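Content type compact mmCIF, C-alpha atoms, from the file target17.txt:
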```txt
# COMPACT_ATOMS: atom_id res chain seq x y z
CA MET A 151 95.84 138.75 114.57
CA LEU A 152 93.20 137.99 117.20
CA ILE A 153 90.58 140.76 117.41
CA PRO A 154 88.56 140.64 120.65
CA PRO A 155 84.77 140.88 120.33
CA PHE A 156 83.26 144.36 120.21
CA GLU A 157 79.93 146.01 119.54
CA LEU A 158 79.45 148.95 117.20
CA GLY A 159 76.62 151.26 118.16
CA ARG A 160 74.54 153.37 115.84
CA LEU A 161 76.26 156.32 114.17
CA PRO A 162 74.87 159.21 112.16
CA ARG A 163 75.41 159.44 108.45
CA ILE A 164 78.25 161.93 108.17
CA ARG A 165 79.12 164.57 105.61
CA PHE A 166 82.47 166.16 106.39
CA GLY A 167 84.35 168.90 104.56
CA ALA A 168 84.47 172.56 103.63
CA GLY A 169 81.22 173.61 102.00
CA THR A 170 79.09 170.72 103.25
CA ARG A 171 76.94 173.20 105.19
CA THR A 172 75.18 174.00 101.88
CA GLN A 173 73.66 170.50 101.96
CA ALA A 174 72.04 170.79 105.40
CA ALA A 175 68.83 172.47 104.20
CA GLU A 176 68.32 169.85 101.49
CA LEU A 177 68.81 167.06 104.02
CA ALA A 178 66.30 168.71 106.38
CA ALA A 179 63.74 169.08 103.60
CA GLY A 180 63.95 165.35 103.05
CA PHE A 181 62.17 164.80 106.37
CA GLY A 182 59.33 167.28 105.80
CA SER A 183 58.48 170.95 105.56
CA ARG A 184 58.43 172.00 109.24
CA ALA A 185 61.84 172.45 110.83
CA LEU A 186 62.90 173.56 114.31
CA LEU A 187 66.30 175.26 114.34
CA VAL A 188 68.17 175.14 117.66
CA THR A 189 71.14 177.49 117.55
CA GLY A 190 73.81 178.99 119.78
CA ALA A 191 73.67 182.57 120.93
CA GLN A 192 76.17 184.27 118.60
CA SER A 193 78.61 182.20 116.58
CA LEU A 194 76.32 181.27 113.71
CA ARG A 195 75.26 184.81 112.84
CA ALA A 196 78.78 186.20 113.29
CA SER A 197 80.18 184.66 110.11
CA GLU A 198 79.28 184.83 106.44
CA PRO A 199 79.11 181.02 106.15
CA GLY A 200 76.78 180.92 109.15
CA ARG A 201 74.45 183.59 107.82
CA ALA A 202 74.38 181.88 104.44
CA LEU A 203 73.52 178.60 106.13
CA LEU A 204 70.52 180.13 107.86
CA GLU A 205 69.36 181.71 104.62
CA SER A 206 69.59 178.37 102.83
CA PHE A 207 66.82 176.96 105.03
CA ARG A 208 64.53 179.82 104.09
CA ALA A 209 65.43 179.43 100.42
CA ARG A 210 64.31 175.78 100.55
CA GLY A 211 60.85 176.97 101.57
CA LEU A 212 60.96 175.29 104.97
CA GLU A 213 58.56 176.49 107.65
CA LEU A 214 61.00 177.51 110.38
CA GLN A 215 60.64 177.79 114.11
CA SER A 216 63.72 178.58 116.17
CA ILE A 217 65.23 178.44 119.65
CA THR A 218 68.41 180.12 120.85
CA ILE A 219 70.42 178.39 123.60
CA HIS A 220 72.38 180.67 125.93
CA GLY A 221 74.98 178.77 127.95
CA GLU A 222 74.72 175.09 128.78
CA PRO A 223 71.17 173.71 128.43
CA THR A 224 68.96 172.94 131.43
CA PRO A 225 66.12 170.44 131.80
CA ALA A 226 63.72 173.36 132.18
CA GLN A 227 64.80 174.84 128.82
CA VAL A 228 64.33 171.50 127.09
CA ASP A 229 60.90 170.91 128.63
CA ALA A 230 59.75 174.44 127.76
CA ALA A 231 60.86 173.99 124.14
CA VAL A 232 58.99 170.69 123.86
CA ARG A 233 55.80 172.25 125.26
CA GLU A 234 56.05 175.23 122.90
CA HIS A 235 56.89 173.43 119.68
CA ARG A 236 55.20 170.04 119.96
CA PRO A 237 51.82 171.41 118.77
CA GLY A 238 53.51 172.64 115.57
CA GLY A 239 54.07 169.15 114.21
CA ILE A 240 57.83 169.50 113.77
CA ASP A 241 59.21 167.15 111.07
CA VAL A 242 62.91 167.65 111.75
CA VAL A 243 65.10 169.30 114.38
CA VAL A 244 68.33 170.93 113.20
CA GLY A 245 70.94 171.79 115.83
CA ILE A 246 73.48 174.37 114.68
CA GLY A 247 76.13 175.49 117.16
CA GLY A 248 78.45 174.20 119.82
CA GLY A 249 77.89 171.27 122.12
CA SER A 250 75.24 173.10 124.15
CA ALA A 251 73.05 173.79 121.12
CA LEU A 252 73.51 170.28 119.77
CA ASP A 253 72.73 168.65 123.13
CA ALA A 254 69.61 170.78 123.55
CA ALA A 255 68.47 169.96 120.01
CA LYS A 256 69.11 166.26 120.56
CA ALA A 257 67.06 166.19 123.77
CA ILE A 258 64.21 168.21 122.25
CA ALA A 259 64.08 165.93 119.22
CA GLY A 260 63.92 162.93 121.52
CA LEU A 261 60.98 164.28 123.50
CA LEU A 262 58.80 165.96 120.85
CA PRO A 263 56.91 162.76 119.93
CA SER A 264 55.96 161.88 123.52
CA GLY A 265 55.86 165.29 125.16
CA ARG A 266 57.37 163.83 128.34
CA SER A 267 59.69 165.76 130.66
CA VAL A 268 63.38 165.06 130.22
CA MET A 269 63.49 164.52 134.00
CA ASP A 270 61.64 161.26 133.39
CA HIS A 271 64.74 159.91 131.66
CA LEU A 272 67.80 161.82 132.94
CA GLU A 273 70.47 159.48 134.31
CA GLU A 274 70.90 159.25 138.12
CA VAL A 275 68.81 162.34 138.94
CA GLY A 276 65.70 161.58 136.87
CA ARG A 277 62.59 159.50 137.61
CA GLY A 278 63.97 156.32 136.08
CA VAL A 279 61.41 156.01 133.30
CA PRO A 280 62.89 153.94 130.45
CA TYR A 281 63.11 155.87 127.21
CA GLN A 282 61.70 153.94 124.26
CA GLY A 283 61.71 156.52 121.46
CA PRO A 284 61.00 157.27 118.73
CA ALA A 285 62.75 160.60 118.31
CA THR A 286 61.99 163.30 115.77
CA PRO A 287 64.68 163.20 113.05
CA PHE A 288 67.68 165.27 114.15
CA ILE A 289 70.44 166.84 112.05
CA ALA A 290 73.59 168.09 113.81
CA VAL A 291 75.69 170.92 112.35
CA PRO A 292 78.57 171.78 114.74
CA THR A 293 80.11 175.25 114.71
CA THR A 294 82.80 174.46 117.30
CA ALA A 295 85.32 171.63 117.61
CA GLY A 296 85.04 170.06 121.04
CA THR A 297 82.27 167.85 122.39
CA GLY A 298 81.69 165.59 119.40
CA SER A 299 77.97 165.75 120.27
CA GLU A 300 77.16 165.40 116.58
CA ALA A 301 78.18 161.73 116.83
CA THR A 302 77.01 160.71 120.33
CA ARG A 303 73.84 159.16 121.73
CA ASN A 304 73.59 161.39 124.81
CA ALA A 305 72.48 164.93 125.54
CA VAL A 306 74.15 166.54 128.57
CA LEU A 307 71.95 168.83 130.66
CA SER A 308 72.86 170.86 133.74
CA GLU A 309 71.44 172.55 136.81
CA VAL A 310 74.20 174.82 138.10
CA ARG A 311 73.80 175.44 141.84
CA ARG A 312 75.23 174.18 145.13
CA GLY A 313 73.35 170.89 144.90
CA GLY A 314 73.28 170.93 141.13
CA PHE A 315 74.07 168.30 138.53
CA LYS A 316 75.32 167.65 135.03
CA ARG A 317 73.78 164.44 133.68
CA SER A 318 72.93 162.72 130.41
CA PHE A 319 69.72 161.82 128.62
CA ARG A 320 70.99 158.80 126.68
CA HIS A 321 69.60 156.40 124.08
CA GLU A 322 70.57 155.19 120.62
CA ALA A 323 67.34 156.67 119.24
CA LEU A 324 68.80 160.11 119.99
CA VAL A 325 71.71 159.72 117.54
CA ALA A 326 71.52 162.25 114.72
CA GLN A 327 70.26 161.09 111.35
CA TRP A 328 72.93 163.27 109.76
CA ALA A 329 76.03 165.04 111.03
CA VAL A 330 77.10 167.82 108.68
CA VAL A 331 80.62 168.87 109.72
CA ASP A 332 81.90 171.91 107.83
CA PRO A 333 85.20 173.31 109.16
CA ASP A 334 84.41 176.70 107.59
CA LEU A 335 81.74 177.19 110.28
CA LEU A 336 84.55 177.33 112.87
CA GLU A 337 86.24 180.43 111.47
CA THR A 338 84.81 182.88 114.02
CA CYS A 339 85.63 180.80 117.13
CA PRO A 340 87.37 183.05 119.69
CA ARG A 341 90.71 181.87 121.03
CA PRO A 342 89.46 180.89 124.53
CA LEU A 343 86.81 178.71 122.89
CA ILE A 344 89.39 177.14 120.56
CA ALA A 345 91.48 176.24 123.61
CA ALA A 346 88.69 174.91 125.84
CA ASP A 347 86.84 172.99 123.14
CA GLY A 348 90.05 171.68 121.62
CA MET A 349 91.20 170.33 124.97
CA ASP A 350 87.78 168.77 125.49
CA ALA A 351 88.19 166.86 122.22
CA LEU A 352 91.75 165.89 123.15
CA THR A 353 90.58 164.71 126.56
CA GLN A 354 87.86 162.58 125.01
CA LEU A 355 90.32 161.01 122.59
CA LEU A 356 92.92 160.29 125.27
CA GLU A 357 90.47 159.02 127.89
CA SER A 358 88.71 156.73 125.42
CA TYR A 359 92.12 155.46 124.22
CA VAL A 360 93.28 154.44 127.72
CA SER A 361 89.81 153.38 128.92
CA ARG A 362 89.30 149.90 130.33
CA ARG A 363 86.56 149.53 127.70
CA ALA A 364 88.83 150.42 124.76
CA GLY A 365 89.16 147.95 121.89
CA ALA A 366 90.60 147.55 118.42
CA PHE A 367 87.88 149.60 116.71
CA SER A 368 87.99 152.57 119.09
CA ASP A 369 91.81 152.41 119.26
CA ALA A 370 92.20 152.87 115.51
CA LEU A 371 89.93 155.91 115.52
CA ALA A 372 91.42 157.42 118.68
CA GLU A 373 94.96 157.20 117.34
CA HIS A 374 93.96 158.98 114.14
CA GLY A 375 92.02 161.56 116.15
CA LEU A 376 95.02 162.23 118.39
CA SER A 377 97.17 162.76 115.27
CA ALA A 378 94.63 165.28 114.00
CA ALA A 379 94.59 167.12 117.34
CA ARG A 380 98.39 167.29 117.30
CA ALA A 381 98.28 168.81 113.81
CA GLY A 382 95.47 171.25 114.47
CA LEU A 383 95.03 172.51 118.01
CA LEU A 384 98.13 174.59 118.75
CA ALA A 385 98.43 175.67 115.10
CA TRP A 386 94.88 177.01 115.15
CA TYR A 387 95.16 178.66 118.57
CA GLU A 388 98.57 180.22 118.00
CA GLY A 389 98.04 181.06 114.33
CA SER A 390 101.16 179.16 113.37
CA GLY A 391 99.71 177.11 110.53
CA GLU A 392 97.30 177.37 107.63
CA PRO A 393 93.98 178.27 109.33
CA GLY A 394 91.74 176.19 107.10
CA ALA A 395 93.83 173.07 107.56
CA ALA A 396 94.03 173.56 111.33
CA ARG A 397 90.25 174.04 111.62
CA ALA A 398 89.63 170.95 109.52
CA ALA A 399 91.97 168.89 111.67
CA MET A 400 90.19 169.92 114.85
CA ALA A 401 86.71 169.48 113.38
CA TYR A 402 87.76 165.95 112.48
CA ALA A 403 89.37 165.31 115.89
CA ALA A 404 86.18 166.42 117.67
CA LEU A 405 83.98 164.26 115.45
CA ILE A 406 86.17 161.22 116.07
CA SER A 407 86.23 161.92 119.81
CA GLY A 408 82.44 161.71 119.88
CA ILE A 409 82.56 158.29 118.24
CA THR A 410 85.30 156.92 120.49
CA LEU A 411 83.74 158.11 123.74
CA ALA A 412 80.43 156.52 122.76
CA HIS A 413 82.12 153.17 122.22
CA ALA A 414 84.93 153.09 124.77
CA GLY A 415 83.85 155.40 127.58
CA LEU A 416 85.89 158.11 129.30
CA GLY A 417 87.72 158.53 132.59
CA VAL A 418 88.36 160.53 135.73
CA VAL A 419 88.56 163.92 133.97
CA HIS A 420 84.98 163.60 132.77
CA GLY A 421 84.00 162.01 136.07
CA LEU A 422 85.14 165.14 137.91
CA SER A 423 83.89 167.56 135.28
CA ALA A 424 80.29 166.46 135.93
CA PRO A 425 80.09 167.72 139.55
CA LEU A 426 82.28 170.71 138.69
CA GLY A 427 79.83 171.72 135.97
CA GLY A 428 76.86 171.08 138.22
CA TYR A 429 78.14 173.05 141.21
CA PHE A 430 80.01 175.91 139.52
CA PRO A 431 79.59 178.05 136.37
CA ILE A 432 82.60 176.45 134.70
CA PRO A 433 82.37 175.62 130.99
CA HIS A 434 82.71 171.92 130.30
CA GLY A 435 85.71 172.30 127.99
CA VAL A 436 87.57 174.41 130.56
CA ALA A 437 86.92 171.85 133.29
CA CYS A 438 88.24 169.01 131.13
CA GLY A 439 91.17 170.89 129.69
CA THR A 440 92.45 172.30 132.95
CA LEU A 441 92.35 168.87 134.66
CA LEU A 442 93.81 166.73 131.87
CA ALA A 443 97.52 166.95 132.69
CA ALA A 444 97.01 166.53 136.45
CA ALA A 445 94.65 163.59 135.96
CA THR A 446 97.06 161.93 133.54
CA ALA A 447 99.87 162.35 136.08
CA ALA A 448 97.73 160.74 138.79
CA ASN A 449 96.76 157.84 136.52
CA VAL A 450 100.36 157.22 135.44
CA ALA A 451 101.58 157.22 139.05
CA ALA A 452 98.78 154.85 140.10
CA LEU A 453 99.50 152.51 137.19
CA ARG A 454 103.22 152.47 138.01
CA ALA A 455 102.37 151.51 141.59
CA ARG A 456 99.46 149.10 141.10
CA ASP A 457 99.36 147.84 137.51
CA PRO A 458 102.79 148.27 135.91
CA ILE A 459 102.39 145.45 133.37
CA GLY A 460 98.79 146.15 132.38
CA PRO A 461 97.79 147.91 129.15
CA GLY A 462 97.35 151.38 130.66
CA LEU A 463 100.97 152.52 130.70
CA ALA A 464 101.57 151.18 127.19
CA ARG A 465 98.60 153.15 125.90
CA TYR A 466 99.79 156.35 127.57
CA ALA A 467 103.24 155.74 126.08
CA ARG A 468 101.84 155.40 122.59
CA ALA A 469 99.67 158.50 123.08
CA TRP A 470 102.84 160.46 123.88
CA TRP A 471 104.44 159.07 120.72
CA ILE A 472 101.51 160.30 118.63
CA LEU A 473 101.10 163.73 120.26
CA ALA A 474 104.84 164.38 120.18
CA GLY A 475 104.80 163.84 116.43
CA GLN A 476 107.31 161.01 116.44
CA GLN A 477 107.86 158.67 113.51
CA ALA A 478 105.91 155.42 113.80
CA PRO A 479 108.01 153.11 116.01
CA ALA A 480 109.43 149.94 114.52
CA ALA A 481 108.26 148.16 117.66
CA GLU A 482 106.63 149.10 120.94
CA THR A 483 109.97 148.47 122.68
CA SER A 484 111.45 151.45 120.82
CA ILE A 485 109.16 153.82 122.72
CA PRO A 486 111.03 155.29 125.73
CA SER A 487 110.19 153.71 129.07
CA ASP A 488 109.41 157.14 130.51
CA ALA A 489 107.01 158.03 127.67
CA PRO A 490 103.97 158.22 130.02
CA GLU A 491 105.78 160.85 132.12
CA ARG A 492 106.79 162.65 128.93
CA LEU A 493 103.09 162.73 127.99
CA VAL A 494 102.30 164.46 131.30
CA ALA A 495 104.97 167.08 130.57
CA LEU A 496 103.62 167.59 127.05
CA LEU A 497 100.07 168.09 128.35
CA GLU A 498 101.31 170.55 130.97
CA ASP A 499 103.06 172.49 128.21
CA TRP A 500 99.94 172.53 126.05
CA SER A 501 97.85 173.71 129.01
CA ARG A 502 100.22 176.65 129.54
CA ARG A 503 100.32 177.55 125.85
CA LEU A 504 96.53 177.39 125.60
CA GLU A 505 96.22 179.61 128.72
CA LEU A 506 93.66 177.37 130.39
CA PRO A 507 92.23 178.98 133.54
CA ARG A 508 92.43 177.33 136.93
CA LEU A 509 89.41 176.18 138.90
CA GLY A 510 89.76 178.97 141.43
CA ARG A 511 88.65 181.47 138.81
CA TYR A 512 85.17 179.92 139.01
CA GLY A 513 84.93 179.95 142.80
CA VAL A 514 86.27 176.47 143.58
CA ASP A 515 88.34 176.30 146.77
CA GLU A 516 89.78 173.68 149.12
CA ARG A 517 86.53 173.31 151.06
CA ASP A 518 84.69 172.19 147.94
CA LEU A 519 87.00 169.31 147.06
CA PRO A 520 85.37 166.51 149.14
CA ARG A 521 81.92 166.98 147.60
CA ILE A 522 83.37 167.26 144.09
CA VAL A 523 85.28 164.01 144.59
CA ALA A 524 82.18 162.32 146.04
CA GLY A 525 80.21 163.38 142.96
CA GLY A 526 82.95 162.22 140.61
CA GLN A 527 83.37 158.61 141.70
CA GLY A 528 80.66 157.21 139.43
CA GLY A 529 79.83 157.68 135.79
CA SER A 530 82.80 158.13 133.50
CA THR A 531 85.30 157.37 136.27
CA LYS A 532 84.27 153.70 136.14
CA SER A 533 86.17 153.22 132.87
CA ASN A 534 89.31 155.04 134.05
CA PRO A 535 92.39 152.89 133.32
CA VAL A 536 93.02 152.42 137.05
CA PRO A 537 90.77 153.04 140.07
CA LEU A 538 91.84 156.19 141.92
CA THR A 539 91.39 156.76 145.63
CA ASP A 540 89.59 159.80 147.00
CA ASP A 541 92.96 161.23 148.01
CA GLU A 542 94.33 160.79 144.49
CA MET A 543 91.29 162.48 142.95
CA THR A 544 91.54 165.28 145.48
CA GLY A 545 95.15 165.77 144.40
CA VAL A 546 94.06 166.18 140.79
CA LEU A 547 91.66 168.97 141.75
CA ARG A 548 94.10 170.61 144.20
CA ALA A 549 96.74 170.81 141.49
CA ARG A 550 94.45 173.08 139.44
CA LEU A 551 92.97 175.35 142.17
```

Give the structure from this file in structure tokens form.
Amino acid sequence: MLIPPFELGRLPRIRFGAGTRTQAAELAAGFGSRALLVTGAQSLRASEPGRALLESFRARGLELQSITIHGEPTPAQVDAAVREHRPGGIDVVVGIGGGSALDAAKAIAGLLPSGRSVMDHLEEVGRGVPYQGPATPFIAVPTTAGTGSEATRNAVLSEVRRGGFKRSFRHEALVAQWAVVDPDLLETCPRPLIAADGMDALTQLLESYVSRRAGAFSDALAEHGLSAARAGLLAWYEGSGEPGAARAAMAYAALISGITLAHAGLGVVHGLSAPLGGYFPIPHGVACGTLLAAATAANVAALRARDPIGPGLARYARAWWILAGQQAPAAETSIPSDAPERLVALLEDWSRRLELPRLGRYGVDERDLPRIVAGGQGGSTKSNPVPLTDDEMTGVLRARL
């Protein structure tokens, strides 16, 4: 078997499993006595495991400072936190929450040593100053299953307004020292969050799997992550399976999606979600989840027309095989020729069952489509399995108005 060359970037050390949250305080204490906790607004304190986790930091005798992140983090929030907490000589930053809390914590940890503004380093909209590090040690403890931020090297920050943006502060020095992934911390996730975050993880797995940058290493992880999403997402949302097992499957799928996106890139869904999240108050997971089926349909049609013998259609076919729960095929030729179209139908069905809202709920209308498309042609879209025209991208958005 010939394995093409690939590069493996830095990953956090990972502790995964029910009960691992009890180890987070000990890990933090290993970096020093002064800890900054960056948490979400509600989820952590709403559950017994979350409250116990917070208490464990106090029980270790750590000197605690804290920040609460409401909504998706902004550059101004990050800069204010750095100004406030840098004089305190923080030894370790611990992010506990969903992707917003983890991204904010990651960015703050990266800037505490230098005290610089994140706008010096933010991609495309920043001042273009190269980030050199070092970062303050960062520990990521996710309480949702979606972004995979616990395993990535970028922190996504937003300015939501007409000329707004959603862009990344990115560097390998920002990768967490530890990712502590305890599925029990997901038990209070409300159903809309399960749906949106779960579809975000699924989107990341699928887009990285069909990406033009995909390779043997990312493929193996993405396939296993897709299997976990198949086992966990609908069962968790619909209450049709054992809750603990479904949560664990999705916590794992989200973690893996963070690793695969960091190594293989994403696609047009994430390309469009950036301007959507910058111009409108639409949660990132909703933007990704509501566009996934339509974007997959557009990609499949474009591949049929312009690259029918390339790897893209074969990857979509195998993704359908995995998500449909089929037995492992004896050979690729045993996968139906219309499997990519069957994948589109499956994703449409999942979108209906997960009750994903349409873009119009957040104020998007036909007049907004040209500027969204213009803002979505760079970034993640560059690794889409096939280049899409402006008209094709407009069709993806129009299908979900």

Sorted by chain and rising residue number, list the residues of segment 203-224 of chain A at most 10 Å from segment 240-245 of chain A (counting all atoms listed in the file), each with its closest atom pair and distance in Å to one decimal, as a tab-separated table.
```
residue	atom	partner	partner_atom	distance
A:Glu213	CA	A:Ile240	CA	9.3
A:Leu214	CA	A:Ile240	CA	9.3
A:Gln215	CA	A:Ile240	CA	8.8
A:Ser216	CA	A:Val244	CA	9.4
A:Ile217	CA	A:Gly245	CA	9.6
```

Residues of the last selection are to be written out with C-alpha atoms, as an mmCIF file, in the frame of the given file.
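Output file out.cif is given in full below:
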```cif
data_model
loop_
_atom_site.group_PDB
_atom_site.id
_atom_site.type_symbol
_atom_site.label_atom_id
_atom_site.label_comp_id
_atom_site.auth_asym_id
_atom_site.auth_seq_id
_atom_site.Cartn_x
_atom_site.Cartn_y
_atom_site.Cartn_z
ATOM 1 C CA GLU A 213 58.560 176.490 107.650
ATOM 2 C CA LEU A 214 61.000 177.510 110.380
ATOM 3 C CA GLN A 215 60.640 177.790 114.110
ATOM 4 C CA SER A 216 63.720 178.580 116.170
ATOM 5 C CA ILE A 217 65.230 178.440 119.650
#
```

Could you list, as a ChimeraX atom specification, every residue within 8 Å of segment 157-161 of chain A, counting all atoms listed in the file and ignoring same-chain residues fewer than 2 positions away?
/A:155,163,301-302,322,325-326,409,412-413

Grab the residues selected above and save them as a PDB file, keeping the file's coordinate frame with C-alpha atoms.
```pdb
ATOM      1  CA  PRO A 155      84.770 140.880 120.330  1.00  0.00           C
ATOM      2  CA  ARG A 163      75.410 159.440 108.450  1.00  0.00           C
ATOM      3  CA  ALA A 301      78.180 161.730 116.830  1.00  0.00           C
ATOM      4  CA  THR A 302      77.010 160.710 120.330  1.00  0.00           C
ATOM      5  CA  GLU A 322      70.570 155.190 120.620  1.00  0.00           C
ATOM      6  CA  VAL A 325      71.710 159.720 117.540  1.00  0.00           C
ATOM      7  CA  ALA A 326      71.520 162.250 114.720  1.00  0.00           C
ATOM      8  CA  ILE A 409      82.560 158.290 118.240  1.00  0.00           C
ATOM      9  CA  ALA A 412      80.430 156.520 122.760  1.00  0.00           C
ATOM     10  CA  HIS A 413      82.120 153.170 122.220  1.00  0.00           C
TER      11      HIS A 413
END
```

If we count all atoms listed in the file, what is near segment 486-501 of chain A at a cut-off of 8 Å, once residues fewer than 6 positions away on the same chain are taken out, given as a PDB file with C-alpha atoms, keeping the file's coordinate frame?
```pdb
ATOM      1  CA  LEU A 384      98.130 174.590 118.750  1.00  0.00           C
ATOM      2  CA  GLY A 439      91.170 170.890 129.690  1.00  0.00           C
ATOM      3  CA  THR A 440      92.450 172.300 132.950  1.00  0.00           C
ATOM      4  CA  LEU A 442      93.810 166.730 131.870  1.00  0.00           C
ATOM      5  CA  ALA A 443      97.520 166.950 132.690  1.00  0.00           C
ATOM      6  CA  ALA A 444      97.010 166.530 136.450  1.00  0.00           C
ATOM      7  CA  THR A 446      97.060 161.930 133.540  1.00  0.00           C
ATOM      8  CA  ALA A 447      99.870 162.350 136.080  1.00  0.00           C
ATOM      9  CA  VAL A 450     100.360 157.220 135.440  1.00  0.00           C
ATOM     10  CA  LEU A 463     100.970 152.520 130.700  1.00  0.00           C
ATOM     11  CA  ALA A 464     101.570 151.180 127.190  1.00  0.00           C
ATOM     12  CA  TYR A 466      99.790 156.350 127.570  1.00  0.00           C
ATOM     13  CA  ALA A 467     103.240 155.740 126.080  1.00  0.00           C
ATOM     14  CA  ARG A 468     101.840 155.400 122.590  1.00  0.00           C
ATOM     15  CA  ALA A 469      99.670 158.500 123.080  1.00  0.00           C
ATOM     16  CA  TRP A 470     102.840 160.460 123.880  1.00  0.00           C
ATOM     17  CA  TRP A 471     104.440 159.070 120.720  1.00  0.00           C
ATOM     18  CA  ALA A 474     104.840 164.380 120.180  1.00  0.00           C
TER      19      ALA A 474
END
```

Tell me, as an mmCIF file with C-alpha atoms, in the coordinates of the input, which residues lie within 10 Å of Ala445 of chain A, counting all atoms listed in the file; anything in the same chain fewer than 5 positions away does not count.
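So out_15.cif came out as:
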```
data_model
loop_
_atom_site.group_PDB
_atom_site.id
_atom_site.type_symbol
_atom_site.label_atom_id
_atom_site.label_comp_id
_atom_site.auth_asym_id
_atom_site.auth_seq_id
_atom_site.Cartn_x
_atom_site.Cartn_y
_atom_site.Cartn_z
ATOM 1 C CA GLY A 417 87.720 158.530 132.590
ATOM 2 C CA VAL A 418 88.360 160.530 135.730
ATOM 3 C CA VAL A 419 88.560 163.920 133.970
ATOM 4 C CA LEU A 422 85.140 165.140 137.910
ATOM 5 C CA CYS A 438 88.240 169.010 131.130
ATOM 6 C CA THR A 440 92.450 172.300 132.950
ATOM 7 C CA VAL A 450 100.360 157.220 135.440
ATOM 8 C CA ALA A 451 101.580 157.220 139.050
ATOM 9 C CA VAL A 494 102.300 164.460 131.300
ATOM 10 C CA LEU A 538 91.840 156.190 141.920
ATOM 11 C CA GLU A 542 94.330 160.790 144.490
ATOM 12 C CA MET A 543 91.290 162.480 142.950
ATOM 13 C CA GLY A 545 95.150 165.770 144.400
ATOM 14 C CA VAL A 546 94.060 166.180 140.790
ATOM 15 C CA LEU A 547 91.660 168.970 141.750
ATOM 16 C CA ALA A 549 96.740 170.810 141.490
#
```

Radius query 10 Å about (93.4, 165.4, 124.7), atoms used: only C-alpha atoms, as number ranges by chain
A: 348-358, 375-376, 379-380, 383, 403, 407, 438-439, 442-443, 469, 473, 497, 500

Could you check the closest approach to Ala231 of chain A for each of A:Ile219, A:Ala455, A:Val523, A:Leu405 and tell me which residue wins, using all atoms listed in the file?
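Distance minimum relative to Ala231 of chain A lands on A:Ile219.
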
From the options A:Arg454, A:Arg320, A:Arg363, A:Arg233, which residue's atoms come nearest to Asp270 of chain A, counting all atoms listed in the file?
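Nearest candidate to Asp270 of chain A out of A:Arg454, A:Arg320, A:Arg363, A:Arg233: A:Arg320.
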
Fewer than 5 positions away in the same chain doesn't count, so skip those; otherwise give me all residues within 7 Å of segment 365-368 of chain A, counting all atoms listed in the file, as a PyMOL selection string.
chain A and resi 153+410+413-414

Could you list, as a list of chain:residue names, every residue within 9 Å of Gly462 of chain A, counting only C-alpha atoms and ignoring same-chain residues fewer than 4 positions away?
A:Val360, A:Ser361, A:Arg362, A:Asn449, A:Val450, A:Leu453, A:Asp457, A:Pro458, A:Tyr466, A:Ala467, A:Pro535, A:Val536

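Between atom CA of Glu300 of chain A and atom CA of Gly427 of chain A the separation is 20.6 Å.
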
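The smallest atom-to-atom distance between Gly513 of chain A and any of A:Arg312, A:Arg465, A:Arg397, A:His374, using all atoms listed in the file, is found for A:Arg312.
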
Nearby residues, (71.6, 166.1, 138.2) file frame, 8 Å, only C-alpha atoms, as a ChimeraX atom specification:
/A:272-276,308-309,314-317,428

Emit a file covering segment 315-343 of chain A of the preceding structure with C-alpha atoms, as a tab-separated table (two decimals), in the first residue's frame.
```tsv
chain	number	residue	atom	x	y	z
A	315	PHE	CA	-16.65	39.23	10.26
A	316	LYS	CA	-15.95	35.82	11.72
A	317	ARG	CA	-12.23	35.06	11.53
A	318	SER	CA	-9.56	32.94	13.19
A	319	PHE	CA	-6.56	33.65	15.38
A	320	ARG	CA	-4.44	30.64	14.43
A	321	HIS	CA	-1.11	29.15	15.49
A	322	GLU	CA	0.16	25.80	16.73
A	323	ALA	CA	1.22	27.46	19.99
A	324	LEU	CA	-2.49	27.93	20.76
A	325	VAL	CA	-3.22	24.18	20.88
A	326	ALA	CA	-4.35	23.09	24.33
A	327	GLN	CA	-1.86	21.33	26.56
A	328	TRP	CA	-4.67	19.03	27.67
A	329	ALA	CA	-8.16	18.28	26.37
A	330	VAL	CA	-10.34	16.72	29.07
A	331	VAL	CA	-13.43	15.33	27.34
A	332	ASP	CA	-16.04	14.02	29.77
A	333	PRO	CA	-19.37	13.07	28.13
A	334	ASP	CA	-21.15	13.48	31.49
A	335	LEU	CA	-20.69	17.25	31.14
A	336	LEU	CA	-23.08	17.14	28.15
A	337	GLU	CA	-26.09	15.90	30.09
A	338	THR	CA	-27.84	19.29	30.39
A	339	CYS	CA	-27.49	20.27	26.70
A	340	PRO	CA	-30.90	21.45	25.42
A	341	ARG	CA	-32.24	19.77	22.30
A	342	PRO	CA	-31.66	22.73	19.92
A	343	LEU	CA	-28.02	22.81	21.03
```
